[in-house]
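Asks: Handing over data-v1.pdb, PDB, C-alpha atoms.
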ATOM      1  CA  PHE A   1      83.430 108.300  97.912  1.00  0.00           C
ATOM      2  CA  GLU A   2      86.042 109.340  95.359  1.00  0.00           C
ATOM      3  CA  ASP A   3      83.348 110.176  92.788  1.00  0.00           C
ATOM      4  CA  ALA A   4      81.468 112.304  95.326  1.00  0.00           C
ATOM      5  CA  VAL A   5      84.594 114.266  96.246  1.00  0.00           C
ATOM      6  CA  ARG A   6      85.437 114.803  92.566  1.00  0.00           C
ATOM      7  CA  TYR A   7      81.876 115.978  91.851  1.00  0.00           C
ATOM      8  CA  ALA A   8      82.046 118.381  94.763  1.00  0.00           C
ATOM      9  CA  ARG A   9      85.421 119.732  93.626  1.00  0.00           C
ATOM     10  CA  ASP A  10      84.329 120.169  90.015  1.00  0.00           C
ATOM     11  CA  HIS A  11      81.051 121.858  90.940  1.00  0.00           C
ATOM     12  CA  GLY A  12      82.285 124.110  93.740  1.00  0.00           C
ATOM     13  CA  VAL A  13      80.502 122.259  96.546  1.00  0.00           C
ATOM     14  CA  GLU A  14      82.049 122.717  99.979  1.00  0.00           C
ATOM     15  CA  ILE A  15      82.445 119.551 102.062  1.00  0.00           C
ATOM     16  CA  VAL A  16      82.561 119.696 105.853  1.00  0.00           C
ATOM     17  CA  ALA A  17      83.515 116.418 107.521  1.00  0.00           C
ATOM     18  CA  SER A  18      82.978 116.485 111.261  1.00  0.00           C
ATOM     19  CA  SER A  19      85.119 114.457 113.581  1.00  0.00           C
ATOM     20  CA  THR A  20      84.055 112.341 116.506  1.00  0.00           C
ATOM     21  CA  PHE A  21      87.160 113.509 118.405  1.00  0.00           C
ATOM     22  CA  GLY A  22      85.490 116.654 119.665  1.00  0.00           C
ATOM     23  CA  PRO A  23      84.195 120.071 118.732  1.00  0.00           C
ATOM     24  CA  GLY A  24      86.175 122.013 116.178  1.00  0.00           C
ATOM     25  CA  SER A  25      87.966 119.030 114.746  1.00  0.00           C
ATOM     26  CA  GLY A  26      87.330 117.774 111.249  1.00  0.00           C
ATOM     27  CA  THR A  27      88.079 118.671 107.657  1.00  0.00           C
ATOM     28  CA  ARG A  28      86.721 121.316 105.320  1.00  0.00           C
ATOM     29  CA  LEU A  29      87.232 120.972 101.584  1.00  0.00           C
ATOM     30  CA  LYS A  30      86.379 123.991  99.489  1.00  0.00           C
ATOM     31  CA  ALA A  31      86.667 123.825  95.734  1.00  0.00           C
ATOM     32  CA  ASP A  32      87.598 126.626  93.411  1.00  0.00           C
ATOM     33  CA  PRO A  33      87.137 124.861  90.097  1.00  0.00           C
ATOM     34  CA  VAL A  34      89.041 126.032  87.063  1.00  0.00           C
ATOM     35  CA  SER A  35      87.263 124.795  83.977  1.00  0.00           C
ATOM     36  CA  GLY A  36      89.574 123.062  81.551  1.00  0.00           C
ATOM     37  CA  ALA A  37      92.588 123.169  83.844  1.00  0.00           C
ATOM     38  CA  VAL A  38      95.253 120.646  82.869  1.00  0.00           C
ATOM     39  CA  ALA A  39      98.780 119.975  84.045  1.00  0.00           C
ATOM     40  CA  VAL A  40     101.477 118.006  82.242  1.00  0.00           C
ATOM     41  CA  THR A  41     104.866 117.214  83.730  1.00  0.00           C
ATOM     42  CA  GLY A  42     107.940 115.420  82.493  1.00  0.00           C
ATOM     43  CA  ASP A  43     110.378 113.706  84.835  1.00  0.00           C
ATOM     44  CA  ASP A  44     113.751 112.262  83.798  1.00  0.00           C
ATOM     45  CA  GLN A  45     115.104 111.633  87.298  1.00  0.00           C
ATOM     46  CA  LEU A  46     113.664 108.121  87.408  1.00  0.00           C
ATOM     47  CA  VAL A  47     114.855 104.567  87.144  1.00  0.00           C
ATOM     48  CA  VAL A  48     112.845 101.407  86.751  1.00  0.00           C
ATOM     49  CA  ILE A  49     113.712  98.312  88.750  1.00  0.00           C
ATOM     50  CA  ALA A  50     112.418  94.816  87.990  1.00  0.00           C
ATOM     51  CA  LEU A  51     111.655  93.359  91.411  1.00  0.00           C
ATOM     52  CA  PRO A  52     112.770  89.778  91.993  1.00  0.00           C
ATOM     53  CA  ALA A  53     110.210  87.034  92.601  1.00  0.00           C
ATOM     54  CA  GLN A  54     111.589  86.649  96.147  1.00  0.00           C
ATOM     55  CA  GLY A  55     113.062  89.418  98.310  1.00  0.00           C
ATOM     56  CA  GLY A  56     111.295  92.381  96.706  1.00  0.00           C
ATOM     57  CA  ALA A  57     110.508  93.945 100.079  1.00  0.00           C
ATOM     58  CA  ALA A  58     114.217  93.993 100.952  1.00  0.00           C
ATOM     59  CA  TRP A  59     114.918  95.767  97.650  1.00  0.00           C
ATOM     60  CA  VAL A  60     112.306  98.409  98.509  1.00  0.00           C
ATOM     61  CA  GLN A  61     113.996  98.949 101.895  1.00  0.00           C
ATOM     62  CA  GLN A  62     117.361  99.298 100.121  1.00  0.00           C
ATOM     63  CA  VAL A  63     115.861 101.888  97.756  1.00  0.00           C
ATOM     64  CA  ARG A  64     114.565 103.924 100.709  1.00  0.00           C
ATOM     65  CA  ALA A  65     117.850 103.633 102.617  1.00  0.00           C
ATOM     66  CA  ALA A  66     119.744 104.907  99.558  1.00  0.00           C
ATOM     67  CA  GLY A  67     117.500 107.996  99.289  1.00  0.00           C
ATOM     68  CA  GLY A  68     115.279 106.733  96.474  1.00  0.00           C
ATOM     69  CA  ARG A  69     111.568 107.476  96.500  1.00  0.00           C
ATOM     70  CA  VAL A  70     109.164 104.942  95.066  1.00  0.00           C
ATOM     71  CA  ARG A  71     106.825 106.805  92.719  1.00  0.00           C
ATOM     72  CA  ARG A  72     104.811 103.911  91.343  1.00  0.00           C
ATOM     73  CA  ARG A  73     104.692 100.136  91.202  1.00  0.00           C
ATOM     74  CA  VAL A  74     103.235  98.400  88.157  1.00  0.00           C
ATOM     75  CA  GLY A  75     103.310  94.649  88.526  1.00  0.00           C
ATOM     76  CA  GLU A  76     106.892  93.820  89.390  1.00  0.00           C
ATOM     77  CA  ARG A  77     108.243  97.090  87.928  1.00  0.00           C
ATOM     78  CA  LEU A  78     109.186  99.703  90.505  1.00  0.00           C
ATOM     79  CA  TYR A  79     109.563 103.328  89.360  1.00  0.00           C
ATOM     80  CA  VAL A  80     111.989 105.161  91.631  1.00  0.00           C
ATOM     81  CA  ASP A  81     112.792 108.877  91.862  1.00  0.00           C
ATOM     82  CA  VAL A  82     116.573 109.061  92.304  1.00  0.00           C
ATOM     83  CA  ARG A  83     117.017 112.818  92.934  1.00  0.00           C
ATOM     84  CA  ASN A  84     118.222 112.158  96.466  1.00  0.00           C
ATOM     85  CA  ALA A  85     119.970 108.831  95.853  1.00  0.00           C
ATOM     86  CA  HIS A  86     123.329 110.507  95.386  1.00  0.00           C
ATOM     87  CA  GLY A  87     125.352 107.341  95.935  1.00  0.00           C
ATOM     88  CA  GLY A  88     123.144 105.238  93.671  1.00  0.00           C
ATOM     89  CA  LEU A  89     120.713 102.534  94.682  1.00  0.00           C
ATOM     90  CA  GLY A  90     123.060  99.557  94.577  1.00  0.00           C
ATOM     91  CA  LEU A  91     120.468  97.608  92.566  1.00  0.00           C
ATOM     92  CA  PRO A  92     120.076  96.868  88.855  1.00  0.00           C
ATOM     93  CA  ALA A  93     118.133  99.862  87.531  1.00  0.00           C
ATOM     94  CA  THR A  94     117.421 101.356  84.115  1.00  0.00           C
ATOM     95  CA  PRO A  95     117.103 105.128  83.612  1.00  0.00           C
ATOM     96  CA  THR A  96     113.701 106.117  82.274  1.00  0.00           C
ATOM     97  CA  ALA A  97     111.391 109.118  81.953  1.00  0.00           C
ATOM     98  CA  MET A  98     107.716 109.694  82.696  1.00  0.00           C
ATOM     99  CA  VAL A  99     105.167 112.141  81.305  1.00  0.00           C
ATOM    100  CA  THR A 100     102.149 112.609  83.571  1.00  0.00           C
ATOM    101  CA  ALA A 101      99.008 114.510  82.616  1.00  0.00           C
ATOM    102  CA  ALA A 102      96.403 115.554  85.175  1.00  0.00           C
ATOM    103  CA  ALA A 103      92.935 116.990  84.764  1.00  0.00           C
ATOM    104  CA  SER A 104      89.585 116.261  86.329  1.00  0.00           C
ATOM    105  CA  ALA A 105      88.680 112.591  85.616  1.00  0.00           C
ATOM    106  CA  LEU A 106      91.364 112.402  82.903  1.00  0.00           C
ATOM    107  CA  GLY A 107      92.419 108.923  83.977  1.00  0.00           C
ATOM    108  CA  GLU A 108      88.896 107.690  83.331  1.00  0.00           C
ATOM    109  CA  ASP A 109      88.886 108.973  79.735  1.00  0.00           C
ATOM    110  CA  ALA A 110      90.298 106.069  77.745  1.00  0.00           C
ATOM    111  CA  ALA A 111      89.702 107.896  74.453  1.00  0.00           C
ATOM    112  CA  VAL A 112      92.149 110.627  75.442  1.00  0.00           C
ATOM    113  CA  GLY A 113      94.717 108.012  76.486  1.00  0.00           C
ATOM    114  CA  ILE A 114      94.367 106.297  73.116  1.00  0.00           C
ATOM    115  CA  ALA A 115      94.702 109.640  71.313  1.00  0.00           C
ATOM    116  CA  ILE A 116      97.845 110.429  73.315  1.00  0.00           C
ATOM    117  CA  GLY A 117      99.353 107.042  72.428  1.00  0.00           C
ATOM    118  CA  GLN A 118      98.616 107.603  68.734  1.00  0.00           C
ATOM    119  CA  ALA A 119     100.047 111.132  68.804  1.00  0.00           C
ATOM    120  CA  LEU A 120     103.220 109.926  70.519  1.00  0.00           C
ATOM    121  CA  ALA A 121     103.639 107.160  67.930  1.00  0.00           C
ATOM    122  CA  SER A 122     103.117 109.681  65.106  1.00  0.00           C
ATOM    123  CA  ALA A 123     105.823 111.869  66.653  1.00  0.00           C
ATOM    124  CA  GLY A 124     108.213 108.894  66.729  1.00  0.00           C
ATOM    125  CA  VAL A 125     108.108 108.468  70.504  1.00  0.00           C
ATOM    126  CA  ASP A 126     108.075 104.894  71.798  1.00  0.00           C
ATOM    127  CA  VAL A 127     105.813 104.382  74.815  1.00  0.00           C
ATOM    128  CA  LEU A 128     107.471 101.816  77.099  1.00  0.00           C
ATOM    129  CA  ALA A 129     104.518 101.551  79.492  1.00  0.00           C
ATOM    130  CA  CYS A 130     101.444 103.592  80.337  1.00  0.00           C
ATOM    131  CA  GLY A 131      98.549 103.695  82.730  1.00  0.00           C
ATOM    132  CA  ALA A 132      95.697 105.798  84.026  1.00  0.00           C
ATOM    133  CA  GLU A 133      93.430 106.226  87.010  1.00  0.00           C
ATOM    134  CA  ALA A 134      91.300 108.930  88.582  1.00  0.00           C
ATOM    135  CA  ASP A 135      92.665 112.327  87.458  1.00  0.00           C
ATOM    136  CA  ALA A 136      95.939 111.192  85.824  1.00  0.00           C
ATOM    137  CA  GLN A 137      97.399 109.416  82.824  1.00  0.00           C
ATOM    138  CA  TRP A 138     101.098 108.547  82.633  1.00  0.00           C
ATOM    139  CA  PHE A 139     103.434 107.465  79.849  1.00  0.00           C
ATOM    140  CA  GLU A 140     106.902 105.978  80.298  1.00  0.00           C
ATOM    141  CA  VAL A 141     109.232 107.096  77.505  1.00  0.00           C
ATOM    142  CA  GLY A 142     112.950 107.091  76.858  1.00  0.00           C
ATOM    143  CA  VAL A 143     114.931 109.869  78.510  1.00  0.00           C
ATOM    144  CA  ALA A 144     115.950 111.295  75.117  1.00  0.00           C
ATOM    145  CA  ASP A 145     112.278 111.581  74.077  1.00  0.00           C
ATOM    146  CA  LEU A 146     111.006 113.326  77.218  1.00  0.00           C
ATOM    147  CA  ALA A 147     110.822 116.931  75.959  1.00  0.00           C
ATOM    148  CA  LEU A 148     109.008 115.989  72.755  1.00  0.00           C
ATOM    149  CA  ALA A 149     106.695 113.573  74.571  1.00  0.00           C
ATOM    150  CA  THR A 150     105.760 116.238  77.124  1.00  0.00           C
ATOM    151  CA  ARG A 151     104.824 118.705  74.349  1.00  0.00           C
ATOM    152  CA  VAL A 152     102.799 116.063  72.491  1.00  0.00           C
ATOM    153  CA  VAL A 153     100.892 114.958  75.599  1.00  0.00           C
ATOM    154  CA  HIS A 154     100.163 118.572  76.547  1.00  0.00           C
ATOM    155  CA  GLY A 155      98.818 119.303  73.072  1.00  0.00           C
ATOM    156  CA  VAL A 156      96.443 116.338  73.089  1.00  0.00           C
ATOM    157  CA  VAL A 157      95.213 116.884  76.653  1.00  0.00           C
ATOM    158  CA  ARG A 158      94.714 120.618  76.139  1.00  0.00           C
ATOM    159  CA  ALA A 159      92.805 120.048  72.869  1.00  0.00           C
ATOM    160  CA  ALA A 160      90.569 117.487  74.602  1.00  0.00           C
ATOM    161  CA  SER A 161      89.958 119.905  77.474  1.00  0.00           C
ATOM    162  CA  LEU A 162      89.028 122.753  75.122  1.00  0.00           C
ATOM    163  CA  ALA A 163      86.722 120.455  73.155  1.00  0.00           C
ATOM    164  CA  ALA A 164      85.014 119.333  76.362  1.00  0.00           C
ATOM    165  CA  ASP A 165      84.468 122.993  77.284  1.00  0.00           C
ATOM    166  CA  GLY A 166      82.964 123.687  73.844  1.00  0.00           C
ATOM    167  CA  VAL A 167      85.812 125.951  72.759  1.00  0.00           C
TER     168      VAL A 167
END
Would you mind giving the structure from this file in structure tokens?

Replies:
Amino acid sequence: FEDAVRYARDHGVEIVASSTFGPGSGTRLKADPVSGAVAVTGDDQLVVIALPAQGGAAWVQQVRAAGGRVRRRVGERLYVDVRNAHGGLGLPATPTAMVTAAASALGEDAAVGIAIGQALASAGVDVLACGAEADAQWFEVGVADLALATRVVHGVVRAASLAADGV
């Protein structure tokens, strides 16, 4: 399903999904593909929380009650956006930063992820964790390294996109 939707988006195919709830209901997806489009963002309003072996669900509820927004869970590591957690989370948390790159099927291109990791290392940026899926690749870096890491990731992803387009 996901591959079909991506193909349709990337090739400008309109999808009409009818509903069994009655006439006129359903979904229409119309693509306006932009060849080589990439987006790279850097976020330093995050903390990482190591969930306990027992009681992790209660910690997640506490995060929500404090105004935190769970962005991602990797194993027992919980990445939380703290923009609206003005009084803090009341849990042991470590400030961190995340660079996320998005482009069509980028998360499925391991070679680009490897190239990004090598470029970050060459720039002196330590990658604390990373991952990829579907259209995105993400890299956890120290808060002090975020601006440089964002520029490095953008450079690698943009170069890969131009190369894929034959430019």

Asks: Going by the chain IDs and residue numbers used in this file, which residues fall under the PyMOL selection byres ((chain A and resi 70) around 12)? Write them as a VMD selection string.

Replies: chain A and resid 45 to 49 59 to 69 71 to 74 77 to 85 89

Asks: Going by the chain IDs and residue numbers used in this file, which residues fall under the PyMOL selection byres ((chain A and resi 148) around 12)? Write them as a ChimeraX atom specification.

Replies: /A:41-42,97-99,119-126,141-147,149-155

Asks: Just how far from CA of Glu133 in chain A is CA of Ala105 in chain A, in Å to one decimal?

Replies: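 These atoms are spaced 8.1 Å apart.
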
Asks: To box range 138-157 of chain A, take all atoms listed in the file, fit an axis-aligned box, add 4 Å on each side, and give centre and edge lengths in Å to one decimal, as JSON.

Replies:
{"center_x": 105.6, "center_y": 112.6, "center_z": 77.6, "size_x": 28.7, "size_y": 21.3, "size_z": 18.1}

Asks: Could you expand the PyMOL selection byres ((chain A and resi 110) around 12) into the explicit residues it covers here, written as JSON, numbers by chain?

Replies: {"A": [105, 106, 107, 108, 109, 111, 112, 113, 114, 115, 116, 117, 130, 131, 132, 133, 134, 135, 136, 137, 157, 160]}

Asks: Using all atoms listed in the file, which of the listed residues (A:Ala53, A:Ala129, A:Val38, A:Ala58) sits closest to Ser161 in chain A?

Replies: A:Val38

Asks: What gap, in Å, lies between CA of Gly75 in chain A and CA of Thr94 in chain A?

Replies: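 Straight-line distance from CA of Gly75 in chain A to CA of Thr94 in chain A works out to 16.2 Å.
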
Asks: Rank A:Gly88, A:Asp44, A:Val127, A:Ala93 by their smallest atom-to-atom distance to Phe139 in chain A, using all atoms listed in the file, and report the top residue only.

Replies: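 Result for the nearest residue to Phe139 in chain A: A:Val127.
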
Asks: Work out how far CA of Glu140 in chain A is from CA of Ala159 in chain A, in Å to one decimal.

Replies: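 One can read the CA of Ala159 in chain A to CA of Glu140 in chain A distance as 21.3 Å.
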
Asks: Looking at all atoms listed in the file, which of A:Glu76, A:Ala101, A:Glu14, A:Ala39 is the one that sits closest to Gly55 in chain A?

Replies: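 Between A:Glu76, A:Ala101, A:Glu14, A:Ala39, the residue approaching Gly55 in chain A most closely is A:Glu76.
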